[in-house]
Amino acid sequence: MSRLSTKPVQQRGSVLLIVMWTAVLLTILVTAMASKVRLSARTAFNNQLAADDYTQMMSALHSAEMEILLERMSPPVDAPIETNSEGEVLDRSLRFDGRPLRLSYPTPDDIVVRIINHSGMINLNRIPRASMQLLIEKRLQDITGEEADPEEVQNLLAAWTDWTDLNDLEGINGAERDYYEALDSPYLPRNNPELDSVNELLHVRGFAELFEGVDLESAFTIYGNNRQLNLNVATREAMSLLPGLTPELIDELLAARAIDAFTNRGEIGEVIPFENLTELSPWVSNETSNFYTLYVYRRPQLEPQLEETADSTNTDYSISASDRQRNAFAFDPENYPRKMPLMNESRVGDGTEASSQSNAESLAQNAALRSAEDPWEIAPGIGRQALSAVVEFTGGDSPPRVYQINPYATLPRF
């Protein structure tokens, strides 16, 4: 009798155990499905953010292209004429020296646009052999702190000559096909004076060590026909390689050109000593290039105390800090173009400063604010990334030709 009475109890216990395990399995299944749904939702949200960010970046890039196109067009009859303190007409194309620009057409307020004209870089495809020798000597002197060894200079120059000539005949102390094929990772020399990339310079024997630490993308170019540099738009990296210039003199040149453009060598001589000018003179001209590099990136968030300081420097052209999160879609197209951006404009505090009113002290203060607001490094030793494009303009009535787009470019030091 007792055995019969315990059997239903055991059955009920088994059913309860099955129900409990089923509940546990269902709970695990529902949790996994919910986690997967959350992951899918977050992925979709991040994809939307990435698409929106890409759209804004490309919109700013096209606005920058339009800015160059407007600059190359004939100015309107009623356009204001900007002059410096001496009444000389300013060349507005010299705005394209890497400074943060306010564009004529709308861009998101938290996106920074910089444009560099390639006449401010050393053209590797047009550099004469004698100039390359001077470049090698200057670089070796900067590295060692002593006069360059003539034999080492000639060896490096011979390697460069063999790389850019049209044959496989090895010059004295040069390097041709046999040398490069014997390397651990073999490759062939260019054997052509037209390089395909500035980074190709690192493949020439000895040049990787010679230009170690140099930002090649901002120092050199392979586009255009310019043989000399325009100091009004020259990059800091390019100037650091030129004979006759030291870091201190480069800072003085950058400060001087922010006040007024150099129109001749005599004005450059007012900034640097005569001996240095003698070495520098063969490298400089006032020519500009049809090629430009455009940089677009999102502006870093301001610290509260810096934002207050920046807002205090606003001018009549300024936009308050609370409006900085607006995007291009928030503007009424009928309001554009805005007032034509001035020559010595700056996005410090989203304000503008006319060159006729500028002075060294205020420019230095604004440069310090810009550096603090928009740091070159996002972390020690890590440069800020930007979307970049290399474009060519052949006139004011045709769209640009795009040669290169790099979504992971490193912003040059300005």
# chains A, B, ... in the order shown; residues from 1 in each chain; ligands from 1
$ select_by_dssp --residues "stretch 22-251 of chain A" --states "alpha helix (DSSP H)" --output "number ranges by chain"
A: 22-72, 129-144, 150-164, 177-181, 207-210, 216-219, 236-241, 247-251
$ closest_atom_pairs --of "stretch 181-272 of chain A" --to "stretch 384-391 of chain A" --cutoff "12 Å" --atoms "only C-alpha atoms" --output "Markdown table"
| residue | atom | partner | partner_atom | distance |
| --- | --- | --- | --- | --- |
| A:Glu217 | CA | A:Val390 | CA | 10.8 |
| A:Ser218 | CA | A:Ser388 | CA | 11.6 |
| A:Thr221 | CA | A:Val390 | CA | 10.2 |
| A:Ile222 | CA | A:Val390 | CA | 10.8 |
| A:Tyr223 | CA | A:Val390 | CA | 9.1 |
| A:Gly224 | CA | A:Val391 | CA | 10.9 |
$ write_last_selection --atoms "N, CA and C atoms" --output "PDB file, in the first residue's frame"
ATOM      1  N   GLU A 217      53.763  63.571 -46.240  1.00  0.00           N
ATOM      2  CA  GLU A 217      52.566  64.039 -46.926  1.00  0.00           C
ATOM      3  C   GLU A 217      52.419  65.556 -46.867  1.00  0.00           C
ATOM      4  N   SER A 218      52.918  66.178 -45.800  1.00  0.00           N
ATOM      5  CA  SER A 218      52.810  67.635 -45.693  1.00  0.00           C
ATOM      6  C   SER A 218      54.084  68.346 -46.133  1.00  0.00           C
ATOM      7  N   THR A 221      55.211  66.964 -52.341  1.00  0.00           N
ATOM      8  CA  THR A 221      54.117  66.710 -53.269  1.00  0.00           C
ATOM      9  C   THR A 221      54.681  66.106 -54.550  1.00  0.00           C
ATOM     10  N   ILE A 222      53.848  65.427 -55.302  1.00  0.00           N
ATOM     11  CA  ILE A 222      54.240  64.905 -56.613  1.00  0.00           C
ATOM     12  C   ILE A 222      53.373  65.525 -57.709  1.00  0.00           C
ATOM     13  N   TYR A 223      52.538  66.506 -57.319  1.00  0.00           N
ATOM     14  CA  TYR A 223      51.576  67.085 -58.256  1.00  0.00           C
ATOM     15  C   TYR A 223      52.007  68.491 -58.681  1.00  0.00           C
ATOM     16  N   GLY A 224      51.690  68.827 -59.915  1.00  0.00           N
ATOM     17  CA  GLY A 224      51.971  70.163 -60.411  1.00  0.00           C
ATOM     18  C   GLY A 224      53.366  70.298 -60.988  1.00  0.00           C
TER      19      GLY A 224
END
$ atom_distance --atom1 "atom CA of A:Asp149" --atom2 "atom CA of A:Phe207"
15.3 Å
$ atom_distance --atom1 "atom CA of A:Pro100" --atom2 "atom CA of A:Arg227"
26.7 Å
$ closest_residue --among "A:Ala50, A:Leu135, A:Leu201, A:Ile111" --to "A:Ala238" --atoms "only C-alpha atoms"
A:Leu135
$ residues_around --residues "A:Ala219" --least-positions-apart "5" --cutoff "7 Å" --atoms "only C-alpha atoms" --output "ChimeraX atom specification"
/A:121-122,235,237-238
$ write_last_selection --atoms "C-alpha atoms" --output "PDB file, in the first residue's frame"
ATOM      1  CA  MET A 121      55.387  71.813 -50.578  1.00  0.00           C
ATOM      2  CA  ILE A 122      58.591  70.501 -52.152  1.00  0.00           C
ATOM      3  CA  THR A 235      53.850  74.033 -44.597  1.00  0.00           C
ATOM      4  CA  GLU A 237      57.328  70.474 -42.465  1.00  0.00           C
ATOM      5  CA  ALA A 238      58.441  71.740 -45.880  1.00  0.00           C
TER       6      ALA A 238
END
$ residues_around --residues "A:Met66" --least-positions-apart "6" --cutoff "10 Å" --atoms "only C-alpha atoms" --output "list in words"
Ala60, Arg72, Leu103, Ser104, Tyr105, Gly396, Pro399 and Pro400 of chain A
$ select_by_dssp --residues "stretch 247-295 of chain A" --states "strand (DSSP E or B)" --output "PyMOL selection string"
chain A and resi 284+291-295
$ closest_residue --among "A:Ser63, A:Asn192, A:Asn123, A:Gln56" --to "A:Phe220" --atoms "only C-alpha atoms"
A:Asn123
$ closest_residue --among "A:Arg129, A:Lys138, A:His203, A:Arg236" --to "A:Glu279" --atoms "only C-alpha atoms"
A:Lys138
